[in-house]
Each structure stands twice: as structure tokens, then as C-alpha cells.
Amino acid sequence: QQQVRQSPQSLTVWEGGTTVLTCSYEDSTFNYFPWYQQFPGEGPALLISILSVSDKKEDGRFTTFFNKREKKLSLHIIDSQPGDSATYFCAASPLNQGGSAKLIFGEGTKLTVSS
Amino acid sequence: EAAVTQSPRSKVAVTGGKVTLSCHQTNNHDYMYWYRQDTGHGLRLIHYSYVADSTEKGDIPDGYKASRPSQENFSLILELASLSQTAVYFCASSDGTGGQDTQYFGPGTRLLVL
């Protein structure tokens, strides 16, 4: 069974600190890795994504790293803010199957940023 | 802006009863999805559809049916609701291009089966 695993399950960081979330996967056919952010009472929303041909993608304070050899990826948030408090999901999709990314989600990491 | 709406936002159902969850999107997207979210399991795909009047099984389809009467609407049907189907259900849509399409999620429906 295809699986995507996340760690930690929950994390608390101080305002201004750096948050690091990690994710691992098993299936070597996965080539698309989005991160979704979910605030309480809302649906997830795409935060940042990376393809397996890249090892790093940056968007403002958010950077995702990809290590194909180890089948791992990570999300780094610098200068973490209380507004970043949310649950973060990594996901993975195998090679294009008829046009849509069929996502396999990790279990999620609940991030709390304390001021 | 992309818009996916779900109704109802919350529901209490009895075991063995029929439950229908509805989803409407105004994104003009071909693909629509139903996921369930449980603590510790992330989101798991139940059914999806890429064209009206056709649905496909996802990773956990047992106990669920889906219906796509039009491009804009996608329903999830629990014919005989069970306690184990208590969860938060999310609908999503995407344009289904290139294998890297963004999925836009609705606000979710919280279902409690008693």
C-alpha cells in the first residue's frame, strides 16, 4: 500500500523561530509533492509544491526540500509567526494518471507558534 | 477566486440511515473528489470523478457511493451509515491538467453517526 509518513505529529515553536516538518514516502514512482496548510474549521489549501526533478523550492518564508535518494522531503518555515499555526499535510502523487494528481496524504503535523 | 461549497456543514445521522453530502464548485473544473479526514490518518480519497455521469473509486470506497450529475455538482452517499463513518468529509476540485494540478477544497462537512 502506498504510504506517506509525516513527523512529528505535533510541534510547538516560538515566534521568530524556524519550523521543520518532515515527510517520507515509499513508492519511487511518486514525482509530485505538494504541501497543504489547514486552519481549524477550514479545508486544506495548497501552500507549496515540488517536483522530483528539483531539490529545493522557496516561496517567501516557506521552503521545501526534496531528497530523492532517501525518499524524504521537508518543509522549513523561517521567522515562524502565530498566524502560521495550522495543520500541515505533505502529499505525494505518482506519475500522471490520466491528467489529475491522485494525492496520497500524510497524517499531518499540527503546528503551534507561541508568542 | 476558486470556490467549492459543501452542504450541510454538519450533520447528525442515525446508524443504518441514509446520508447524502453535497458539493458544488464554480471553478469550471473537470475533476472532483471526496475525502474523509480522521485524526491520525490525514485525508483519504473515497471517490473521484473527471466527467459528469461518471465516478471512480478511490482508496477507501467501501460503504460509500458517489454521484456526479453535472460538472458543478458531486454528491457522496452513505446508504447505511455506520458508526465508523463518523468523520469530517471534504470535497475538492481540480482542473486535472499535467498531473500537478492544485486541488481546491471546500470547508468540510462534520458527520456524526450515532
# chains A, B, ... in the order shown; residues from 1 in each chain; ligands from 1
>>> interface_residues(of="chain B", to="chain A", cutoff="9 Å", atoms="only C-alpha atoms", output="PDB file with all heavy atoms, in the first residue's frame")
ATOM      1  N   TYR B  31     -12.329  17.739 -12.603  1.00  0.00           N
ATOM      2  CA  TYR B  31     -12.142  16.738 -11.558  1.00  0.00           C
ATOM      3  C   TYR B  31     -12.771  17.194 -10.242  1.00  0.00           C
ATOM      4  O   TYR B  31     -12.621  18.345  -9.832  1.00  0.00           O
ATOM      5  CB  TYR B  31     -10.654  16.464 -11.322  1.00  0.00           C
ATOM      6  CG  TYR B  31     -10.029  15.560 -12.362  1.00  0.00           C
ATOM      7  CD1 TYR B  31      -9.721  16.023 -13.625  1.00  0.00           C
ATOM      8  CD2 TYR B  31      -9.749  14.229 -12.058  1.00  0.00           C
ATOM      9  CE1 TYR B  31      -9.150  15.184 -14.575  1.00  0.00           C
ATOM     10  CE2 TYR B  31      -9.174  13.389 -12.999  1.00  0.00           C
ATOM     11  CZ  TYR B  31      -8.874  13.872 -14.256  1.00  0.00           C
ATOM     12  OH  TYR B  31      -8.313  13.037 -15.190  1.00  0.00           O
ATOM     13  N   ASP B  38      -9.722  11.843   9.317  1.00  0.00           N
ATOM     14  CA  ASP B  38      -9.753  11.316  10.675  1.00  0.00           C
ATOM     15  C   ASP B  38      -8.434  11.658  11.333  1.00  0.00           C
ATOM     16  O   ASP B  38      -7.380  11.639  10.686  1.00  0.00           O
ATOM     17  CB  ASP B  38      -9.916   9.791  10.668  1.00  0.00           C
ATOM     18  CG  ASP B  38     -11.148   9.332   9.922  1.00  0.00           C
ATOM     19  OD1 ASP B  38     -12.198   9.267  10.560  1.00  0.00           O
ATOM     20  OD2 ASP B  38     -11.055   9.058   8.711  1.00  0.00           O
ATOM     21  N   THR B  39      -8.519  11.938  12.619  1.00  0.00           N
ATOM     22  CA  THR B  39      -7.306  12.234  13.370  1.00  0.00           C
ATOM     23  C   THR B  39      -6.314  11.090  13.222  1.00  0.00           C
ATOM     24  O   THR B  39      -6.674   9.928  13.412  1.00  0.00           O
ATOM     25  CB  THR B  39      -7.633  12.459  14.857  1.00  0.00           C
ATOM     26  OG1 THR B  39      -8.582  13.518  14.951  1.00  0.00           O
ATOM     27  CG2 THR B  39      -6.382  12.833  15.627  1.00  0.00           C
ATOM     28  N   GLY B  40      -5.085  11.431  12.853  1.00  0.00           N
ATOM     29  CA  GLY B  40      -4.050  10.417  12.717  1.00  0.00           C
ATOM     30  C   GLY B  40      -3.991   9.739  11.363  1.00  0.00           C
ATOM     31  O   GLY B  40      -3.103   8.924  11.119  1.00  0.00           O
ATOM     32  N   HIS B  41      -4.950  10.072  10.483  1.00  0.00           N
ATOM     33  CA  HIS B  41      -4.963   9.434   9.160  1.00  0.00           C
ATOM     34  C   HIS B  41      -4.867  10.435   8.023  1.00  0.00           C
ATOM     35  O   HIS B  41      -4.849  10.044   6.868  1.00  0.00           O
ATOM     36  CB  HIS B  41      -6.229   8.613   8.968  1.00  0.00           C
ATOM     37  CG  HIS B  41      -6.241   7.339   9.739  1.00  0.00           C
ATOM     38  ND1 HIS B  41      -5.604   6.187   9.312  1.00  0.00           N
ATOM     39  CD2 HIS B  41      -6.801   7.030  10.922  1.00  0.00           C
ATOM     40  CE1 HIS B  41      -5.782   5.233  10.195  1.00  0.00           C
ATOM     41  NE2 HIS B  41      -6.506   5.711  11.181  1.00  0.00           N
ATOM     42  N   GLY B  42      -4.813  11.695   8.322  1.00  0.00           N
ATOM     43  CA  GLY B  42      -4.768  12.656   7.235  1.00  0.00           C
ATOM     44  C   GLY B  42      -6.047  12.609   6.427  1.00  0.00           C
ATOM     45  O   GLY B  42      -7.133  12.375   6.958  1.00  0.00           O
ATOM     46  N   LEU B  43      -5.914  12.800   5.130  1.00  0.00           N
ATOM     47  CA  LEU B  43      -7.069  12.747   4.227  1.00  0.00           C
ATOM     48  C   LEU B  43      -6.950  11.506   3.358  1.00  0.00           C
ATOM     49  O   LEU B  43      -5.894  11.221   2.804  1.00  0.00           O
ATOM     50  CB  LEU B  43      -7.123  13.992   3.337  1.00  0.00           C
ATOM     51  CG  LEU B  43      -7.386  15.295   4.061  1.00  0.00           C
ATOM     52  CD1 LEU B  43      -6.125  16.130   4.121  1.00  0.00           C
ATOM     53  CD2 LEU B  43      -8.497  16.065   3.372  1.00  0.00           C
ATOM     54  N   ARG B  44      -8.064  10.811   3.236  1.00  0.00           N
ATOM     55  CA  ARG B  44      -8.083   9.609   2.412  1.00  0.00           C
ATOM     56  C   ARG B  44      -9.167   9.730   1.342  1.00  0.00           C
ATOM     57  O   ARG B  44     -10.286  10.127   1.633  1.00  0.00           O
ATOM     58  CB  ARG B  44      -8.322   8.374   3.293  1.00  0.00           C
ATOM     59  CG  ARG B  44      -7.158   8.067   4.216  1.00  0.00           C
ATOM     60  CD  ARG B  44      -7.418   6.828   5.057  1.00  0.00           C
ATOM     61  NE  ARG B  44      -8.442   7.065   6.074  1.00  0.00           N
ATOM     62  CZ  ARG B  44      -8.922   6.122   6.877  1.00  0.00           C
ATOM     63  NH1 ARG B  44      -8.483   4.879   6.772  1.00  0.00           N
ATOM     64  NH2 ARG B  44      -9.836   6.420   7.785  1.00  0.00           N
ATOM     65  N   LEU B  45      -8.801   9.349   0.134  1.00  0.00           N
ATOM     66  CA  LEU B  45      -9.674   9.521  -1.016  1.00  0.00           C
ATOM     67  C   LEU B  45     -10.742   8.436  -1.072  1.00  0.00           C
ATOM     68  O   LEU B  45     -10.430   7.240  -1.075  1.00  0.00           O
ATOM     69  CB  LEU B  45      -8.837   9.506  -2.297  1.00  0.00           C
ATOM     70  CG  LEU B  45      -9.591   9.717  -3.612  1.00  0.00           C
ATOM     71  CD1 LEU B  45     -10.213  11.109  -3.657  1.00  0.00           C
ATOM     72  CD2 LEU B  45      -8.648   9.507  -4.789  1.00  0.00           C
ATOM     73  N   TYR B  50     -14.067  12.586 -13.080  1.00  0.00           N
ATOM     74  CA  TYR B  50     -13.425  13.507 -14.029  1.00  0.00           C
ATOM     75  C   TYR B  50     -14.372  13.943 -15.144  1.00  0.00           C
ATOM     76  O   TYR B  50     -13.982  14.709 -16.033  1.00  0.00           O
ATOM     77  CB  TYR B  50     -12.150  12.906 -14.632  1.00  0.00           C
ATOM     78  CG  TYR B  50     -12.300  11.561 -15.273  1.00  0.00           C
ATOM     79  CD1 TYR B  50     -12.710  11.439 -16.595  1.00  0.00           C
ATOM     80  CD2 TYR B  50     -12.027  10.405 -14.558  1.00  0.00           C
ATOM     81  CE1 TYR B  50     -12.850  10.202 -17.183  1.00  0.00           C
ATOM     82  CE2 TYR B  50     -12.159   9.158 -15.136  1.00  0.00           C
ATOM     83  CZ  TYR B  50     -12.577   9.059 -16.457  1.00  0.00           C
ATOM     84  OH  TYR B  50     -12.711   7.829 -17.035  1.00  0.00           O
ATOM     85  N   GLY B  58     -11.908   5.558  -5.126  1.00  0.00           N
ATOM     86  CA  GLY B  58     -10.636   5.988  -4.582  1.00  0.00           C
ATOM     87  C   GLY B  58     -10.002   4.883  -3.768  1.00  0.00           C
ATOM     88  O   GLY B  58     -10.144   3.699  -4.073  1.00  0.00           O
ATOM     89  N   PHE B  90     -14.401  16.112   3.146  1.00  0.00           N
ATOM     90  CA  PHE B  90     -14.028  17.249   2.313  1.00  0.00           C
ATOM     91  C   PHE B  90     -14.234  16.920   0.842  1.00  0.00           C
ATOM     92  O   PHE B  90     -13.877  15.834   0.378  1.00  0.00           O
ATOM     93  CB  PHE B  90     -12.561  17.622   2.527  1.00  0.00           C
ATOM     94  CG  PHE B  90     -12.292  18.276   3.848  1.00  0.00           C
ATOM     95  CD1 PHE B  90     -11.825  17.533   4.920  1.00  0.00           C
ATOM     96  CD2 PHE B  90     -12.518  19.629   4.020  1.00  0.00           C
ATOM     97  CE1 PHE B  90     -11.576  18.131   6.152  1.00  0.00           C
ATOM     98  CE2 PHE B  90     -12.276  20.244   5.237  1.00  0.00           C
ATOM     99  CZ  PHE B  90     -11.810  19.490   6.306  1.00  0.00           C
ATOM    100  N   CYS B  91     -14.759  17.893   0.154  1.00  0.00           N
ATOM    101  CA  CYS B  91     -14.866  17.845  -1.290  1.00  0.00           C
ATOM    102  C   CYS B  91     -13.778  18.741  -1.869  1.00  0.00           C
ATOM    103  O   CYS B  91     -13.403  19.749  -1.247  1.00  0.00           O
ATOM    104  CB  CYS B  91     -16.247  18.330  -1.720  1.00  0.00           C
ATOM    105  SG  CYS B  91     -16.499  18.446  -3.496  1.00  0.00           S
ATOM    106  N   ALA B  92     -13.281  18.387  -3.030  1.00  0.00           N
ATOM    107  CA  ALA B  92     -12.270  19.206  -3.692  1.00  0.00           C
ATOM    108  C   ALA B  92     -12.493  19.162  -5.190  1.00  0.00           C
ATOM    109  O   ALA B  92     -13.145  18.253  -5.710  1.00  0.00           O
ATOM    110  CB  ALA B  92     -10.858  18.721  -3.343  1.00  0.00           C
ATOM    111  N   SER B  94     -10.343  20.101  -9.112  1.00  0.00           N
ATOM    112  CA  SER B  94      -9.103  20.488  -9.783  1.00  0.00           C
ATOM    113  C   SER B  94      -9.324  20.449 -11.286  1.00  0.00           C
ATOM    114  O   SER B  94     -10.277  19.818 -11.762  1.00  0.00           O
ATOM    115  CB  SER B  94      -7.951  19.551  -9.391  1.00  0.00           C
ATOM    116  OG  SER B  94      -8.109  18.271  -9.980  1.00  0.00           O
ATOM    117  N   ASP B  95      -8.445  21.118 -12.015  1.00  0.00           N
ATOM    118  CA  ASP B  95      -8.645  21.154 -13.460  1.00  0.00           C
ATOM    119  C   ASP B  95      -8.052  19.936 -14.149  1.00  0.00           C
ATOM    120  O   ASP B  95      -8.273  19.735 -15.353  1.00  0.00           O
ATOM    121  CB  ASP B  95      -8.089  22.449 -14.063  1.00  0.00           C
ATOM    122  CG  ASP B  95      -6.594  22.612 -13.854  1.00  0.00           C
ATOM    123  OD1 ASP B  95      -5.909  21.621 -13.491  1.00  0.00           O
ATOM    124  OD2 ASP B  95      -6.100  23.736 -14.031  1.00  0.00           O
ATOM    125  N   GLY B  96      -7.306  19.113 -13.414  1.00  0.00           N
ATOM    126  CA  GLY B  96      -6.842  17.842 -13.950  1.00  0.00           C
ATOM    127  C   GLY B  96      -5.855  17.936 -15.082  1.00  0.00           C
ATOM    128  O   GLY B  96      -5.836  17.095 -15.977  1.00  0.00           O
ATOM    129  N   THR B  97      -4.985  18.934 -15.044  1.00  0.00           N
ATOM    130  CA  THR B  97      -4.021  19.086 -16.131  1.00  0.00           C
ATOM    131  C   THR B  97      -2.608  18.820 -15.633  1.00  0.00           C
ATOM    132  O   THR B  97      -2.215  19.297 -14.574  1.00  0.00           O
ATOM    133  CB  THR B  97      -4.066  20.501 -16.724  1.00  0.00           C
ATOM    134  OG1 THR B  97      -3.836  21.467 -15.694  1.00  0.00           O
ATOM    135  CG2 THR B  97      -5.419  20.770 -17.346  1.00  0.00           C
ATOM    136  N   GLY B  98      -1.869  18.047 -16.392  1.00  0.00           N
ATOM    137  CA  GLY B  98      -0.435  17.919 -16.173  1.00  0.00           C
ATOM    138  C   GLY B  98       0.016  17.121 -14.980  1.00  0.00           C
ATOM    139  O   GLY B  98       1.196  17.044 -14.704  1.00  0.00           O
ATOM    140  N   GLY B  99      -0.907  16.536 -14.234  1.00  0.00           N
ATOM    141  CA  GLY B  99      -0.505  15.727 -13.084  1.00  0.00           C
ATOM    142  C   GLY B  99       0.016  16.522 -11.914  1.00  0.00           C
ATOM    143  O   GLY B  99       0.471  15.968 -10.925  1.00  0.00           O
ATOM    144  N   GLN B 100      -0.039  17.850 -12.012  1.00  0.00           N
ATOM    145  CA  GLN B 100       0.431  18.701 -10.906  1.00  0.00           C
ATOM    146  C   GLN B 100      -0.637  19.719 -10.547  1.00  0.00           C
ATOM    147  O   GLN B 100      -0.341  20.801 -10.069  1.00  0.00           O
ATOM    148  CB  GLN B 100       1.690  19.445 -11.321  1.00  0.00           C
ATOM    149  CG  GLN B 100       2.780  18.562 -11.874  1.00  0.00           C
ATOM    150  CD  GLN B 100       3.710  19.334 -12.777  1.00  0.00           C
ATOM    151  OE1 GLN B 100       3.869  20.554 -12.636  1.00  0.00           O
ATOM    152  NE2 GLN B 100       4.323  18.643 -13.722  1.00  0.00           N
ATOM    153  N   ASP B 101      -1.880  19.337 -10.796  1.00  0.00           N
ATOM    154  CA  ASP B 101      -2.948  20.317 -10.607  1.00  0.00           C
ATOM    155  C   ASP B 101      -3.246  20.534  -9.136  1.00  0.00           C
ATOM    156  O   ASP B 101      -3.223  19.599  -8.341  1.00  0.00           O
ATOM    157  CB  ASP B 101      -4.214  19.872 -11.349  1.00  0.00           C
ATOM    158  CG  ASP B 101      -4.610  18.440 -11.044  1.00  0.00           C
ATOM    159  OD1 ASP B 101      -3.709  17.595 -10.856  1.00  0.00           O
ATOM    160  OD2 ASP B 101      -5.826  18.171 -10.993  1.00  0.00           O
ATOM    161  N   THR B 102      -3.556  21.760  -8.802  1.00  0.00           N
ATOM    162  CA  THR B 102      -3.909  22.120  -7.430  1.00  0.00           C
ATOM    163  C   THR B 102      -5.323  21.691  -7.144  1.00  0.00           C
ATOM    164  O   THR B 102      -6.228  21.917  -7.951  1.00  0.00           O
ATOM    165  CB  THR B 102      -3.797  23.639  -7.239  1.00  0.00           C
ATOM    166  OG1 THR B 102      -2.459  24.036  -7.482  1.00  0.00           O
ATOM    167  CG2 THR B 102      -4.204  24.036  -5.823  1.00  0.00           C
ATOM    168  N   GLN B 103      -5.509  21.072  -5.994  1.00  0.00           N
ATOM    169  CA  GLN B 103      -6.857  20.718  -5.560  1.00  0.00           C
ATOM    170  C   GLN B 103      -7.363  21.814  -4.636  1.00  0.00           C
ATOM    171  O   GLN B 103      -6.676  22.221  -3.696  1.00  0.00           O
ATOM    172  CB  GLN B 103      -6.858  19.353  -4.873  1.00  0.00           C
ATOM    173  CG  GLN B 103      -6.530  18.222  -5.853  1.00  0.00           C
ATOM    174  CD  GLN B 103      -6.731  16.837  -5.265  1.00  0.00           C
ATOM    175  OE1 GLN B 103      -7.378  16.670  -4.239  1.00  0.00           O
ATOM    176  NE2 GLN B 103      -6.191  15.833  -5.932  1.00  0.00           N
ATOM    177  N   TYR B 104      -8.580  22.278  -4.916  1.00  0.00           N
ATOM    178  CA  TYR B 104      -9.212  23.319  -4.120  1.00  0.00           C
ATOM    179  C   TYR B 104     -10.292  22.657  -3.267  1.00  0.00           C
ATOM    180  O   TYR B 104     -11.205  22.018  -3.805  1.00  0.00           O
ATOM    181  CB  TYR B 104      -9.833  24.392  -5.021  1.00  0.00           C
ATOM    182  CG  TYR B 104      -8.803  25.159  -5.811  1.00  0.00           C
ATOM    183  CD1 TYR B 104      -8.404  24.717  -7.063  1.00  0.00           C
ATOM    184  CD2 TYR B 104      -8.222  26.311  -5.300  1.00  0.00           C
ATOM    185  CE1 TYR B 104      -7.448  25.404  -7.796  1.00  0.00           C
ATOM    186  CE2 TYR B 104      -7.271  27.007  -6.024  1.00  0.00           C
ATOM    187  CZ  TYR B 104      -6.886  26.545  -7.259  1.00  0.00           C
ATOM    188  OH  TYR B 104      -5.933  27.235  -7.975  1.00  0.00           O
ATOM    189  N   PHE B 105     -10.156  22.832  -1.963  1.00  0.00           N
ATOM    190  CA  PHE B 105     -11.028  22.136  -1.025  1.00  0.00           C
ATOM    191  C   PHE B 105     -12.170  23.019  -0.543  1.00  0.00           C
ATOM    192  O   PHE B 105     -12.028  24.235  -0.396  1.00  0.00           O
ATOM    193  CB  PHE B 105     -10.228  21.672   0.196  1.00  0.00           C
ATOM    194  CG  PHE B 105      -9.357  20.480  -0.075  1.00  0.00           C
ATOM    195  CD1 PHE B 105      -8.126  20.618  -0.687  1.00  0.00           C
ATOM    196  CD2 PHE B 105      -9.791  19.206   0.282  1.00  0.00           C
ATOM    197  CE1 PHE B 105      -7.321  19.508  -0.943  1.00  0.00           C
ATOM    198  CE2 PHE B 105      -8.985  18.095   0.030  1.00  0.00           C
ATOM    199  CZ  PHE B 105      -7.764  18.246  -0.580  1.00  0.00           C
ATOM    200  N   GLY B 106     -13.292  22.361  -0.263  1.00  0.00           N
ATOM    201  CA  GLY B 106     -14.386  23.016   0.410  1.00  0.00           C
ATOM    202  C   GLY B 106     -14.137  23.097   1.904  1.00  0.00           C
ATOM    203  O   GLY B 106     -13.108  22.617   2.393  1.00  0.00           O
ATOM    204  N   PRO B 107     -15.080  23.664   2.650  1.00  0.00           N
ATOM    205  CA  PRO B 107     -14.888  23.871   4.089  1.00  0.00           C
ATOM    206  C   PRO B 107     -15.117  22.633   4.937  1.00  0.00           C
ATOM    207  O   PRO B 107     -14.825  22.640   6.131  1.00  0.00           O
ATOM    208  CB  PRO B 107     -15.918  24.955   4.421  1.00  0.00           C
ATOM    209  CG  PRO B 107     -17.005  24.724   3.429  1.00  0.00           C
ATOM    210  CD  PRO B 107     -16.318  24.295   2.171  1.00  0.00           C
ATOM    211  N   GLY B 108     -15.641  21.578   4.316  1.00  0.00           N
ATOM    212  CA  GLY B 108     -15.838  20.341   5.058  1.00  0.00           C
ATOM    213  C   GLY B 108     -17.238  20.182   5.622  1.00  0.00           C
ATOM    214  O   GLY B 108     -17.963  21.155   5.854  1.00  0.00           O
TER     215      GLY B 108
END
>>> atom_distance(atom1="atom CA of B:Ile77", atom2="atom CA of B:Asn27")
22.7 Å
>>> select_by_dssp(residues="chain B", states="strand (DSSP E)", output="count of residues only")
61
>>> residues_around(residues="A:Ala86", least_positions_apart="4", cutoff="7 Å", atoms="only C-alpha atoms", output="compact mmCIF listing (two decimals) with N, CA and C atoms, in the first residue's frame")
# COMPACT_ATOMS: atom_id res chain seq x y z
N GLN A 37 -1.84 23.38 3.75
CA GLN A 37 -1.99 24.02 5.06
C GLN A 37 -3.47 24.07 5.41
N GLN A 38 -3.80 23.68 6.62
CA GLN A 38 -5.21 23.66 7.03
C GLN A 38 -5.38 24.38 8.35
N PHE A 39 -6.22 25.41 8.34
CA PHE A 39 -6.58 26.10 9.58
C PHE A 39 -7.84 25.46 10.16
N LYS A 110 0.47 19.08 13.41
CA LYS A 110 -0.18 20.26 13.97
C LYS A 110 0.88 21.18 14.54
N LEU A 111 1.00 22.37 13.96
CA LEU A 111 2.00 23.34 14.38
C LEU A 111 1.36 24.43 15.21
N THR A 112 1.97 24.72 16.34
CA THR A 112 1.57 25.84 17.17
C THR A 112 2.76 26.77 17.30
>>> residues_around(residues="stretch 70-76 of chain B", least_positions_apart="6", cutoff="10 Å", atoms="only C-alpha atoms", output="count of residues only")
36
>>> decode(residues="stretch 29-108 of chain B", atoms="C-alpha atoms", output="PDB file, in the first residue's frame")
ATOM      1  CA  HIS B  29     -13.052  22.120 -13.090  1.00  0.00           C
ATOM      2  CA  ASP B  30     -13.391  18.679 -14.588  1.00  0.00           C
ATOM      3  CA  TYR B  31     -12.142  16.738 -11.558  1.00  0.00           C
ATOM      4  CA  MET B  32     -13.932  16.476  -8.230  1.00  0.00           C
ATOM      5  CA  TYR B  33     -13.006  14.425  -5.179  1.00  0.00           C
ATOM      6  CA  TRP B  34     -14.398  13.255  -1.858  1.00  0.00           C
ATOM      7  CA  TYR B  35     -12.031  12.723   1.065  1.00  0.00           C
ATOM      8  CA  ARG B  36     -12.560  11.815   4.675  1.00  0.00           C
ATOM      9  CA  GLN B  37     -10.376  13.164   7.452  1.00  0.00           C
ATOM     10  CA  ASP B  38      -9.753  11.316  10.675  1.00  0.00           C
ATOM     11  CA  THR B  39      -7.306  12.234  13.370  1.00  0.00           C
ATOM     12  CA  GLY B  40      -4.050  10.417  12.717  1.00  0.00           C
ATOM     13  CA  HIS B  41      -4.963   9.434   9.160  1.00  0.00           C
ATOM     14  CA  GLY B  42      -4.768  12.656   7.235  1.00  0.00           C
ATOM     15  CA  LEU B  43      -7.069  12.747   4.227  1.00  0.00           C
ATOM     16  CA  ARG B  44      -8.083   9.609   2.412  1.00  0.00           C
ATOM     17  CA  LEU B  45      -9.674   9.521  -1.016  1.00  0.00           C
ATOM     18  CA  ILE B  46     -13.120   7.910  -1.186  1.00  0.00           C
ATOM     19  CA  HIS B  47     -14.352   8.604  -4.718  1.00  0.00           C
ATOM     20  CA  TYR B  48     -13.485  10.958  -7.518  1.00  0.00           C
ATOM     21  CA  SER B  49     -14.867  11.943 -10.901  1.00  0.00           C
ATOM     22  CA  TYR B  50     -13.425  13.507 -14.029  1.00  0.00           C
ATOM     23  CA  VAL B  51     -16.604  13.879 -16.047  1.00  0.00           C
ATOM     24  CA  ALA B  52     -20.312  14.220 -15.398  1.00  0.00           C
ATOM     25  CA  ASP B  53     -22.273  10.990 -15.008  1.00  0.00           C
ATOM     26  CA  SER B  54     -19.135   9.006 -14.200  1.00  0.00           C
ATOM     27  CA  THR B  55     -17.385   8.265 -10.906  1.00  0.00           C
ATOM     28  CA  GLU B  56     -14.288   6.322  -9.906  1.00  0.00           C
ATOM     29  CA  LYS B  57     -13.339   4.503  -6.740  1.00  0.00           C
ATOM     30  CA  GLY B  58     -10.636   5.988  -4.582  1.00  0.00           C
ATOM     31  CA  ASP B  59      -8.610   4.298  -1.883  1.00  0.00           C
ATOM     32  CA  ILE B  60     -11.412   3.659   0.634  1.00  0.00           C
ATOM     33  CA  PRO B  61     -14.704   3.363  -1.323  1.00  0.00           C
ATOM     34  CA  ASP B  62     -16.401   0.657   0.750  1.00  0.00           C
ATOM     35  CA  GLY B  63     -19.660   1.849   2.275  1.00  0.00           C
ATOM     36  CA  TYR B  64     -19.874   4.917   0.044  1.00  0.00           C
ATOM     37  CA  LYS B  65     -21.419   5.770  -3.297  1.00  0.00           C
ATOM     38  CA  ALA B  66     -20.882   8.885  -5.370  1.00  0.00           C
ATOM     39  CA  SER B  67     -22.905  10.737  -7.959  1.00  0.00           C
ATOM     40  CA  ARG B  68     -21.812  13.410 -10.472  1.00  0.00           C
ATOM     41  CA  PRO B  69     -24.985  14.687 -12.160  1.00  0.00           C
ATOM     42  CA  SER B  70     -23.254  17.734 -13.645  1.00  0.00           C
ATOM     43  CA  GLN B  71     -19.797  19.272 -13.890  1.00  0.00           C
ATOM     44  CA  GLU B  72     -20.575  21.521 -10.926  1.00  0.00           C
ATOM     45  CA  ASN B  73     -22.109  19.009  -8.508  1.00  0.00           C
ATOM     46  CA  PHE B  74     -20.752  15.930  -6.801  1.00  0.00           C
ATOM     47  CA  SER B  75     -22.523  14.018  -4.033  1.00  0.00           C
ATOM     48  CA  LEU B  76     -21.367  11.422  -1.548  1.00  0.00           C
ATOM     49  CA  ILE B  77     -23.973   8.915  -0.418  1.00  0.00           C
ATOM     50  CA  LEU B  78     -23.887   6.701   2.637  1.00  0.00           C
ATOM     51  CA  GLU B  79     -26.725   4.214   2.062  1.00  0.00           C
ATOM     52  CA  LEU B  80     -26.430   2.605   5.502  1.00  0.00           C
ATOM     53  CA  ALA B  81     -24.498   4.909   7.800  1.00  0.00           C
ATOM     54  CA  SER B  82     -22.294   3.249  10.388  1.00  0.00           C
ATOM     55  CA  LEU B  83     -20.506   4.479  13.495  1.00  0.00           C
ATOM     56  CA  SER B  84     -17.156   4.082  11.741  1.00  0.00           C
ATOM     57  CA  GLN B  85     -18.189   6.689   9.171  1.00  0.00           C
ATOM     58  CA  THR B  86     -18.124   9.463  11.757  1.00  0.00           C
ATOM     59  CA  ALA B  87     -15.527  11.855  10.318  1.00  0.00           C
ATOM     60  CA  VAL B  88     -15.053  15.170   8.569  1.00  0.00           C
ATOM     61  CA  TYR B  89     -15.659  14.955   4.832  1.00  0.00           C
ATOM     62  CA  PHE B  90     -14.028  17.249   2.313  1.00  0.00           C
ATOM     63  CA  CYS B  91     -14.866  17.845  -1.290  1.00  0.00           C
ATOM     64  CA  ALA B  92     -12.270  19.206  -3.692  1.00  0.00           C
ATOM     65  CA  SER B  93     -11.982  20.147  -7.336  1.00  0.00           C
ATOM     66  CA  SER B  94      -9.103  20.488  -9.783  1.00  0.00           C
ATOM     67  CA  ASP B  95      -8.645  21.154 -13.460  1.00  0.00           C
ATOM     68  CA  GLY B  96      -6.842  17.842 -13.950  1.00  0.00           C
ATOM     69  CA  THR B  97      -4.021  19.086 -16.131  1.00  0.00           C
ATOM     70  CA  GLY B  98      -0.435  17.919 -16.173  1.00  0.00           C
ATOM     71  CA  GLY B  99      -0.505  15.727 -13.084  1.00  0.00           C
ATOM     72  CA  GLN B 100       0.431  18.701 -10.906  1.00  0.00           C
ATOM     73  CA  ASP B 101      -2.948  20.317 -10.607  1.00  0.00           C
ATOM     74  CA  THR B 102      -3.909  22.120  -7.430  1.00  0.00           C
ATOM     75  CA  GLN B 103      -6.857  20.718  -5.560  1.00  0.00           C
ATOM     76  CA  TYR B 104      -9.212  23.319  -4.120  1.00  0.00           C
ATOM     77  CA  PHE B 105     -11.028  22.136  -1.025  1.00  0.00           C
ATOM     78  CA  GLY B 106     -14.386  23.016   0.410  1.00  0.00           C
ATOM     79  CA  PRO B 107     -14.888  23.871   4.089  1.00  0.00           C
ATOM     80  CA  GLY B 108     -15.838  20.341   5.058  1.00  0.00           C
TER      81      GLY B 108
END
